[in-house]
file coords27.pdb (PDB, C-alpha atoms)
ATOM      1  CA  MET A 274       1.891  17.104   3.089  1.00  0.00           C
ATOM      2  CA  THR A 275      -0.454  14.150   3.015  1.00  0.00           C
ATOM      3  CA  ALA A 276      -3.421  13.348   5.221  1.00  0.00           C
ATOM      4  CA  SER A 277      -1.362  11.066   7.409  1.00  0.00           C
ATOM      5  CA  GLY A 278       1.915  12.947   7.332  1.00  0.00           C
ATOM      6  CA  THR A 279       3.335  15.558   9.615  1.00  0.00           C
ATOM      7  CA  PRO A 280       3.511  19.256   8.826  1.00  0.00           C
ATOM      8  CA  PRO A 281       6.857  20.766   7.854  1.00  0.00           C
ATOM      9  CA  GLY A 282       9.186  21.363  10.765  1.00  0.00           C
ATOM     10  CA  ASP A 283       7.487  18.769  12.950  1.00  0.00           C
ATOM     11  CA  ASP A 284       9.527  16.574  15.269  1.00  0.00           C
ATOM     12  CA  ASP A 285       9.148  13.793  17.776  1.00  0.00           C
ATOM     13  CA  GLY A 286       7.613  16.131  20.328  1.00  0.00           C
ATOM     14  CA  LEU A 287       4.653  16.725  18.058  1.00  0.00           C
ATOM     15  CA  GLU A 288       4.429  13.209  16.692  1.00  0.00           C
ATOM     16  CA  GLN A 289       3.670  11.961  20.170  1.00  0.00           C
ATOM     17  CA  GLU A 290       0.512  14.037  20.187  1.00  0.00           C
ATOM     18  CA  GLY A 291      -1.173  11.843  17.572  1.00  0.00           C
ATOM     19  CA  ILE A 292      -1.611  11.352  13.830  1.00  0.00           C
ATOM     20  CA  TRP A 293      -1.787  14.594  11.938  1.00  0.00           C
ATOM     21  CA  GLU A 294      -4.106  15.422   9.106  1.00  0.00           C
ATOM     22  CA  GLU A 295      -4.048  18.461   6.886  1.00  0.00           C
ATOM     23  CA  PRO A 296      -6.469  21.104   8.184  1.00  0.00           C
ATOM     24  CA  ARG A 297      -9.386  21.934   5.941  1.00  0.00           C
ATOM     25  CA  HIS A 298      -9.098  25.325   4.284  1.00  0.00           C
ATOM     26  CA  ASP A 299     -12.006  27.681   4.335  1.00  0.00           C
ATOM     27  CA  ALA A 300     -12.346  30.259   1.611  1.00  0.00           C
ATOM     28  CA  GLY A 301     -10.942  32.782   4.067  1.00  0.00           C
ATOM     29  CA  PRO A 302     -11.981  34.809   7.100  1.00  0.00           C
ATOM     30  CA  ASP A 303     -15.673  35.457   7.458  1.00  0.00           C
ATOM     31  CA  ALA A 304     -16.391  38.772   5.744  1.00  0.00           C
ATOM     32  CA  SER A 305     -18.970  39.686   8.395  1.00  0.00           C
ATOM     33  CA  ALA A 306     -16.344  39.199  11.115  1.00  0.00           C
ATOM     34  CA  SER A 307     -14.044  41.666   9.368  1.00  0.00           C
ATOM     35  CA  SER A 308     -16.782  44.258   8.950  1.00  0.00           C
ATOM     36  CA  ASP A 309     -17.953  44.082  12.550  1.00  0.00           C
ATOM     37  CA  GLY A 310     -14.602  45.306  13.836  1.00  0.00           C
ATOM     38  CA  LEU A 311     -12.519  44.471  16.884  1.00  0.00           C
ATOM     39  CA  ALA A 312     -15.248  42.798  18.941  1.00  0.00           C
ATOM     40  CA  SER A 313     -15.951  40.175  16.304  1.00  0.00           C
ATOM     41  CA  ARG A 314     -12.255  39.467  15.854  1.00  0.00           C
ATOM     42  CA  LEU A 315     -11.906  38.857  19.575  1.00  0.00           C
ATOM     43  CA  THR A 316     -14.736  36.319  19.578  1.00  0.00           C
ATOM     44  CA  SER A 317     -14.558  34.758  16.118  1.00  0.00           C
ATOM     45  CA  THR A 318     -13.311  31.175  15.803  1.00  0.00           C
ATOM     46  CA  THR A 319     -13.288  31.282  11.982  1.00  0.00           C
ATOM     47  CA  ARG A 320     -10.413  29.187  10.689  1.00  0.00           C
ATOM     48  CA  THR A 321      -7.903  31.130   8.629  1.00  0.00           C
ATOM     49  CA  PRO A 322      -5.510  29.228   6.325  1.00  0.00           C
ATOM     50  CA  GLY A 323      -1.834  29.769   7.014  1.00  0.00           C
ATOM     51  CA  PRO A 324       1.436  28.686   5.378  1.00  0.00           C
ATOM     52  CA  ALA A 325       2.269  25.066   4.540  1.00  0.00           C
ATOM     53  CA  GLY A 326      -1.280  23.834   5.051  1.00  0.00           C
ATOM     54  CA  LEU A 327      -1.475  25.142   8.628  1.00  0.00           C
ATOM     55  CA  VAL A 328      -4.419  26.966  10.175  1.00  0.00           C
ATOM     56  CA  TYR A 329      -3.837  30.045  12.327  1.00  0.00           C
ATOM     57  CA  ALA A 330      -5.069  29.748  15.908  1.00  0.00           C
ATOM     58  CA  ASP A 331      -8.116  31.903  16.547  1.00  0.00           C
ATOM     59  CA  VAL A 332      -7.940  34.807  18.982  1.00  0.00           C
ATOM     60  CA  PRO A 333     -10.365  33.436  21.643  1.00  0.00           C
ATOM     61  CA  ASN A 334      -8.341  30.256  22.108  1.00  0.00           C
ATOM     62  CA  ARG A 335      -5.120  32.240  22.219  1.00  0.00           C
ATOM     63  CA  ILE A 336      -6.604  34.429  24.949  1.00  0.00           C
ATOM     64  CA  ILE A 337      -7.611  31.386  26.985  1.00  0.00           C
ATOM     65  CA  ALA A 338      -4.117  29.934  26.582  1.00  0.00           C
ATOM     66  CA  LEU A 339      -2.603  33.196  27.836  1.00  0.00           C
ATOM     67  CA  VAL A 340      -4.959  33.196  30.818  1.00  0.00           C
ATOM     68  CA  VAL A 341      -3.933  29.636  31.716  1.00  0.00           C
ATOM     69  CA  ASP A 342      -0.245  30.527  31.458  1.00  0.00           C
ATOM     70  CA  GLY A 343      -0.888  33.686  33.452  1.00  0.00           C
ATOM     71  CA  ILE A 344      -2.536  31.698  36.243  1.00  0.00           C
ATOM     72  CA  VAL A 345       0.448  29.348  36.410  1.00  0.00           C
ATOM     73  CA  LEU A 346       2.958  32.207  36.540  1.00  0.00           C
ATOM     74  CA  THR A 347       0.833  34.134  39.041  1.00  0.00           C
ATOM     75  CA  ALA A 348       0.759  31.101  41.310  1.00  0.00           C
ATOM     76  CA  ILE A 349       4.542  30.832  41.085  1.00  0.00           C
ATOM     77  CA  GLY A 350       4.888  34.551  41.813  1.00  0.00           C
ATOM     78  CA  PHE A 351       2.568  34.237  44.823  1.00  0.00           C
ATOM     79  CA  LEU A 352       4.690  31.435  46.246  1.00  0.00           C
ATOM     80  CA  LEU A 353       7.779  33.581  45.765  1.00  0.00           C
ATOM     81  CA  SER A 354       6.061  36.457  47.557  1.00  0.00           C
ATOM     82  CA  LEU A 355       5.301  34.195  50.518  1.00  0.00           C
ATOM     83  CA  VAL A 356       8.904  33.039  50.697  1.00  0.00           C
ATOM     84  CA  PHE A 357      10.666  36.337  50.012  1.00  0.00           C
ATOM     85  CA  GLY A 358       8.071  38.936  51.000  1.00  0.00           C
ATOM     86  CA  GLY A 359       9.546  39.379  54.465  1.00  0.00           C
ATOM     87  CA  LEU A 360      12.952  40.059  52.956  1.00  0.00           C
ATOM     88  CA  VAL A 361      11.851  42.447  50.233  1.00  0.00           C
ATOM     89  CA  THR A 362       9.947  44.890  52.454  1.00  0.00           C
ATOM     90  CA  GLU A 363      10.895  46.269  55.817  1.00  0.00           C
ATOM     91  CA  GLY A 364       8.823  44.824  58.598  1.00  0.00           C
ATOM     92  CA  GLY A 365       7.916  41.739  56.569  1.00  0.00           C
ATOM     93  CA  ALA A 366       4.811  43.254  54.966  1.00  0.00           C
ATOM     94  CA  ILE A 367       4.438  42.335  51.308  1.00  0.00           C
ATOM     95  CA  ASP A 368       2.144  45.279  50.647  1.00  0.00           C
ATOM     96  CA  GLY A 369       4.683  47.741  52.028  1.00  0.00           C
ATOM     97  CA  SER A 370       2.596  48.730  55.064  1.00  0.00           C
ATOM     98  CA  GLY A 371       5.429  47.719  57.366  1.00  0.00           C
ATOM     99  CA  GLY A 372       7.983  49.994  55.747  1.00  0.00           C
ATOM    100  CA  GLY A 373       9.878  50.777  52.580  1.00  0.00           C
ATOM    101  CA  LEU A 374      11.203  48.520  49.878  1.00  0.00           C
ATOM    102  CA  GLN A 375      14.481  46.691  50.429  1.00  0.00           C
ATOM    103  CA  ILE A 376      16.293  47.233  47.131  1.00  0.00           C
ATOM    104  CA  GLY A 377      18.854  44.435  47.418  1.00  0.00           C
ATOM    105  CA  PRO A 378      16.408  41.581  48.109  1.00  0.00           C
ATOM    106  CA  PHE A 379      13.954  43.050  45.584  1.00  0.00           C
ATOM    107  CA  ILE A 380      16.561  42.857  42.802  1.00  0.00           C
ATOM    108  CA  ILE A 381      17.267  39.242  43.719  1.00  0.00           C
ATOM    109  CA  VAL A 382      13.565  38.374  43.562  1.00  0.00           C
ATOM    110  CA  ALA A 383      13.162  40.308  40.292  1.00  0.00           C
ATOM    111  CA  VAL A 384      15.993  38.358  38.673  1.00  0.00           C
ATOM    112  CA  LEU A 385      14.547  35.104  40.004  1.00  0.00           C
ATOM    113  CA  GLU A 386      11.081  35.853  38.626  1.00  0.00           C
ATOM    114  CA  ALA A 387      12.535  36.854  35.254  1.00  0.00           C
ATOM    115  CA  ALA A 388      14.507  33.607  35.093  1.00  0.00           C
ATOM    116  CA  ILE A 389      11.406  31.555  35.914  1.00  0.00           C
ATOM    117  CA  SER A 390       9.326  33.416  33.325  1.00  0.00           C
ATOM    118  CA  LEU A 391      11.987  33.036  30.635  1.00  0.00           C
ATOM    119  CA  GLY A 392      12.428  29.354  31.443  1.00  0.00           C
ATOM    120  CA  TYR A 393       8.664  28.758  31.392  1.00  0.00           C
ATOM    121  CA  PHE A 394       8.089  30.358  27.996  1.00  0.00           C
ATOM    122  CA  ALA A 395      11.401  29.448  26.362  1.00  0.00           C
ATOM    123  CA  LEU A 396      11.200  25.778  27.317  1.00  0.00           C
ATOM    124  CA  GLY A 397       7.584  25.605  26.184  1.00  0.00           C
ATOM    125  CA  TRP A 398       8.079  27.365  22.845  1.00  0.00           C
ATOM    126  CA  LYS A 399      11.421  25.820  21.941  1.00  0.00           C
ATOM    127  CA  SER A 400      11.235  22.267  23.293  1.00  0.00           C
ATOM    128  CA  PHE A 401       7.503  21.509  23.357  1.00  0.00           C
ATOM    129  CA  HIS A 402       6.186  23.790  20.554  1.00  0.00           C
ATOM    130  CA  GLY A 403       3.894  25.512  23.022  1.00  0.00           C
ATOM    131  CA  THR A 404       3.363  26.490  26.647  1.00  0.00           C
ATOM    132  CA  PRO A 405       1.132  24.339  28.886  1.00  0.00           C
ATOM    133  CA  GLY A 406      -1.767  26.699  28.179  1.00  0.00           C
ATOM    134  CA  MET A 407      -1.266  26.431  24.419  1.00  0.00           C
ATOM    135  CA  ARG A 408      -0.892  22.664  24.389  1.00  0.00           C
ATOM    136  CA  MET A 409      -3.984  22.223  26.553  1.00  0.00           C
ATOM    137  CA  LEU A 410      -6.003  23.928  23.792  1.00  0.00           C
ATOM    138  CA  GLY A 411      -4.277  22.118  20.917  1.00  0.00           C
ATOM    139  CA  LEU A 412      -2.220  25.116  19.811  1.00  0.00           C
ATOM    140  CA  ARG A 413       1.368  25.101  18.597  1.00  0.00           C
ATOM    141  CA  ILE A 414       3.949  27.797  17.851  1.00  0.00           C
ATOM    142  CA  GLY A 415       6.461  27.913  15.024  1.00  0.00           C
ATOM    143  CA  ASP A 416       8.339  30.098  12.582  1.00  0.00           C
ATOM    144  CA  GLU A 417       6.012  32.248  10.483  1.00  0.00           C
ATOM    145  CA  SER A 418       7.360  30.888   7.192  1.00  0.00           C
ATOM    146  CA  ALA A 419       6.250  27.273   7.628  1.00  0.00           C
ATOM    147  CA  GLY A 420       5.624  26.567  11.307  1.00  0.00           C
ATOM    148  CA  ASP A 421       9.152  25.220  11.842  1.00  0.00           C
ATOM    149  CA  GLU A 422      10.902  25.109  15.198  1.00  0.00           C
ATOM    150  CA  LEU A 423      11.818  28.510  16.620  1.00  0.00           C
ATOM    151  CA  GLY A 424      15.373  29.772  16.945  1.00  0.00           C
ATOM    152  CA  TRP A 425      16.662  31.092  20.249  1.00  0.00           C
ATOM    153  CA  GLY A 426      16.635  34.644  18.919  1.00  0.00           C
ATOM    154  CA  GLN A 427      12.938  34.369  18.113  1.00  0.00           C
ATOM    155  CA  VAL A 428      12.237  32.946  21.555  1.00  0.00           C
ATOM    156  CA  LEU A 429      14.086  35.773  23.297  1.00  0.00           C
ATOM    157  CA  PHE A 430      12.480  38.607  21.320  1.00  0.00           C
ATOM    158  CA  ARG A 431       9.026  37.100  21.810  1.00  0.00           C
ATOM    159  CA  TRP A 432       9.582  36.694  25.545  1.00  0.00           C
ATOM    160  CA  LEU A 433      10.749  40.300  25.931  1.00  0.00           C
ATOM    161  CA  LEU A 434       7.392  41.482  24.574  1.00  0.00           C
ATOM    162  CA  LEU A 435       5.157  38.868  26.202  1.00  0.00           C
ATOM    163  CA  GLY A 436       6.872  37.609  29.352  1.00  0.00           C
ATOM    164  CA  VAL A 437       8.138  40.906  30.747  1.00  0.00           C
ATOM    165  CA  PRO A 438       4.616  42.412  31.175  1.00  0.00           C
ATOM    166  CA  TRP A 439       3.688  39.482  33.431  1.00  0.00           C
ATOM    167  CA  ILE A 440       6.749  40.268  35.552  1.00  0.00           C
ATOM    168  CA  LEU A 441       5.827  43.951  35.802  1.00  0.00           C
ATOM    169  CA  ALA A 442       2.327  43.095  36.946  1.00  0.00           C
ATOM    170  CA  GLY A 443       3.722  40.631  39.471  1.00  0.00           C
ATOM    171  CA  PHE A 444       5.986  43.260  41.018  1.00  0.00           C
ATOM    172  CA  ALA A 445       2.901  45.023  42.378  1.00  0.00           C
ATOM    173  CA  VAL A 446       2.838  42.624  45.344  1.00  0.00           C
ATOM    174  CA  TYR A 447       6.297  43.808  46.393  1.00  0.00           C
ATOM    175  CA  VAL A 448       6.381  47.501  45.508  1.00  0.00           C
ATOM    176  CA  PRO A 449       4.318  49.617  47.913  1.00  0.00           C
ATOM    177  CA  ASP A 450       1.646  52.180  47.253  1.00  0.00           C
ATOM    178  CA  ALA A 451       1.278  54.011  43.924  1.00  0.00           C
ATOM    179  CA  ILE A 452       4.431  52.617  42.318  1.00  0.00           C
ATOM    180  CA  GLY A 453       3.130  49.066  42.572  1.00  0.00           C
ATOM    181  CA  LEU A 454      -0.208  50.113  41.119  1.00  0.00           C
ATOM    182  CA  ILE A 455       1.511  51.874  38.213  1.00  0.00           C
ATOM    183  CA  LEU A 456       3.618  48.786  37.446  1.00  0.00           C
ATOM    184  CA  ALA A 457       0.534  46.577  37.490  1.00  0.00           C
ATOM    185  CA  LEU A 458      -1.377  48.950  35.204  1.00  0.00           C
ATOM    186  CA  LEU A 459       1.553  49.128  32.779  1.00  0.00           C
ATOM    187  CA  GLY A 460       1.666  45.339  32.603  1.00  0.00           C
ATOM    188  CA  VAL A 461      -2.077  45.085  31.983  1.00  0.00           C
ATOM    189  CA  ALA A 462      -2.031  47.909  29.412  1.00  0.00           C
ATOM    190  CA  TRP A 463       0.784  46.241  27.475  1.00  0.00           C
ATOM    191  CA  MET A 464      -1.076  42.920  27.428  1.00  0.00           C
ATOM    192  CA  LEU A 465      -4.148  44.711  26.094  1.00  0.00           C
ATOM    193  CA  LEU A 466      -1.992  46.271  23.364  1.00  0.00           C
ATOM    194  CA  LEU A 467      -0.703  42.842  22.354  1.00  0.00           C
ATOM    195  CA  LEU A 468      -4.269  41.568  22.313  1.00  0.00           C
ATOM    196  CA  TYR A 469      -5.377  44.496  20.147  1.00  0.00           C
ATOM    197  CA  THR A 470      -2.598  43.947  17.604  1.00  0.00           C
ATOM    198  CA  MET A 471      -3.426  40.242  17.549  1.00  0.00           C
ATOM    199  CA  ALA A 472      -7.081  40.945  16.788  1.00  0.00           C
ATOM    200  CA  GLN A 473      -6.173  43.454  14.064  1.00  0.00           C
ATOM    201  CA  SER A 474      -3.916  41.028  12.200  1.00  0.00           C
ATOM    202  CA  PRO A 475      -5.373  38.803   9.433  1.00  0.00           C
ATOM    203  CA  SER A 476      -3.016  36.050  10.614  1.00  0.00           C
ATOM    204  CA  ASN A 477      -3.774  36.726  14.306  1.00  0.00           C
ATOM    205  CA  GLN A 478      -0.158  37.776  14.863  1.00  0.00           C
ATOM    206  CA  GLY A 479       0.263  40.157  17.755  1.00  0.00           C
ATOM    207  CA  LEU A 480       3.148  42.575  18.060  1.00  0.00           C
ATOM    208  CA  HIS A 481       5.149  39.900  19.887  1.00  0.00           C
ATOM    209  CA  ASP A 482       4.534  37.477  17.002  1.00  0.00           C
ATOM    210  CA  ARG A 483       5.596  39.992  14.377  1.00  0.00           C
ATOM    211  CA  VAL A 484       8.801  40.946  16.185  1.00  0.00           C
ATOM    212  CA  GLY A 485       9.652  37.295  16.804  1.00  0.00           C
ATOM    213  CA  ARG A 486       8.480  36.249  13.300  1.00  0.00           C
ATOM    214  CA  THR A 487       6.284  33.544  14.804  1.00  0.00           C
ATOM    215  CA  ILE A 488       2.812  32.142  14.245  1.00  0.00           C
ATOM    216  CA  VAL A 489       0.481  30.200  16.505  1.00  0.00           C
ATOM    217  CA  PHE A 490      -1.464  27.505  14.694  1.00  0.00           C
ATOM    218  CA  ARG A 491      -3.811  24.657  15.434  1.00  0.00           C
ATOM    219  CA  ALA A 492      -2.515  21.133  15.998  1.00  0.00           C
ATOM    220  CA  ARG A 493      -5.161  18.772  14.637  1.00  0.00           C
ATOM    221  CA  ARG A 494      -5.265  15.019  14.958  1.00  0.00           C
ATOM    222  CA  GLN A 495      -6.941  12.574  12.646  1.00  0.00           C
ATOM    223  CA  THR A 496     -10.243  11.525  14.164  1.00  0.00           C
ATOM    224  CA  SER A 497     -10.888   8.408  12.090  1.00  0.00           C
TER     225      SER A 497
END

call {"tool": "encode", "arguments": {"input": "coords27.pdb", "output": "structure tokens"}}
result
Amino acid sequence: MTASGTPPGDDDGLEQEGIWEEPRHDAGPDASASSDGLASRLTSTTRTPGPAGLVYADVPNRIIALVVDGIVLTAIGFLLSLVFGGLVTEGGAIDGSGGGLQIGPFIIVAVLEAAISLGYFALGWKSFHGTPGMRMLGLRIGDESAGDELGWGQVLFRWLLLGVPWILAGFAVYVPDAIGLILALLGVAWMLLLLYTMAQSPSNQGLHDRVGRTIVFRARRQTS
């Protein structure tokens, strides 16, 4: 790859972002960051060389991207709760205070939320090389071998480990009492596990990355 070329696996969707240059390679991760443990990994923006001249995205920016995507999906889920809340719970109370859960409407809403989540992540990863949150921070996703475009199998496996926890947490607005709280806590706990595995990996690959064989890397444009 040359200074003005595009990285392997790039396509028109990335070329529209600007002129690429090969990222500078540091000698490797900061030794002090490794010795300080998990906290330093969660805050360090040290650039780590990846395959084919790419640079792995640092954990802080990946966290911010996840937060942005989470806000978008939460907003969508809130709108769904306003529209379907009266159908899902008896008495029209979203928090379940008006009665028990209506199983039939709840299943319909669950399937709808899963479809929206899958469409959001799959379309972003497959067609645009990143979700809105990732692209806002200049991050891209690709196959772990060289950053190439993901296959549908990779997209699905990654979504099962990353997208489903968001859905579980979102169900808390429909499911009353302790069950809703448990679902929300399970979703949060799983996200924390993914974050932990991401911070423990030299390539910043969380469990969802390893199962999907994906990497998240920085998209850099030539400044001169």

call {"tool": "atom_distance", "arguments": {"input": "coords27.pdb", "atom1": "atom CA of A:Phe444", "atom2": "atom CA of A:Ile488"}}
result
29.2 Å

call {"tool": "closest_residue", "arguments": {"input": "coords27.pdb", "among": "A:Thr470, A:Thr487, A:Ser418, A:Thr321", "to": "A:Gly403", "atoms": "only C-alpha atoms"}}
result
A:Thr487

call {"tool": "atom_distance", "arguments": {"input": "coords27.pdb", "atom1": "atom CA of A:Leu412", "atom2": "atom CA of A:Phe490"}}
result
5.7 Å

call {"tool": "resolve_selection", "arguments": {"input": "coords27.pdb", "expression": "the PyMOL selection byres ((chain A and resi 329) around 8)", "output": "list in words"}}
result
Arg320, Thr321, Pro322, Gly323, Leu327, Val328, Ala330, Asp331, Ser476, Asn477, Ile488, Val489, Phe490 and Arg491 of chain A

call {"tool": "residues_around", "arguments": {"input": "coords27.pdb", "residues": "stretch 432-440 of chain A", "least_positions_apart": "3", "cutoff": "8 Å", "atoms": "only C-alpha atoms", "output": "list in words"}}
result
Gly343, Leu346, Ala383, Glu386, Ala387, Ser390, Leu391, Phe394, Ala395, Val428, Leu429, Gly443, Phe444, Leu459, Gly460, Val461, Trp463, Met464, Leu480 and His481 of chain A

call {"tool": "atom_distance", "arguments": {"input": "coords27.pdb", "atom1": "atom CA of A:Val345", "atom2": "atom CA of A:Ser313"}}
result
28.1 Å

call {"tool": "axis_aligned_box", "arguments": {"input": "coords27.pdb", "around": "stretch 390-397 of chain A", "padding_each_side": "3 Å", "output": "AutoDock Vina command-line options"}}
result
--center_x 10.0 --center_y 29.5 --center_z 29.8 --size_x 10.8 --size_y 13.8 --size_z 13.1

call {"tool": "residues_around", "arguments": {"input": "coords27.pdb", "residues": "A:Val340", "least_positions_apart": "6", "cutoff": "12 Å", "atoms": "all atoms listed in the file", "output": "PyMOL selection string"}}
result
chain A and resi 333-334+346-347+404-407+409-410+439+464+468
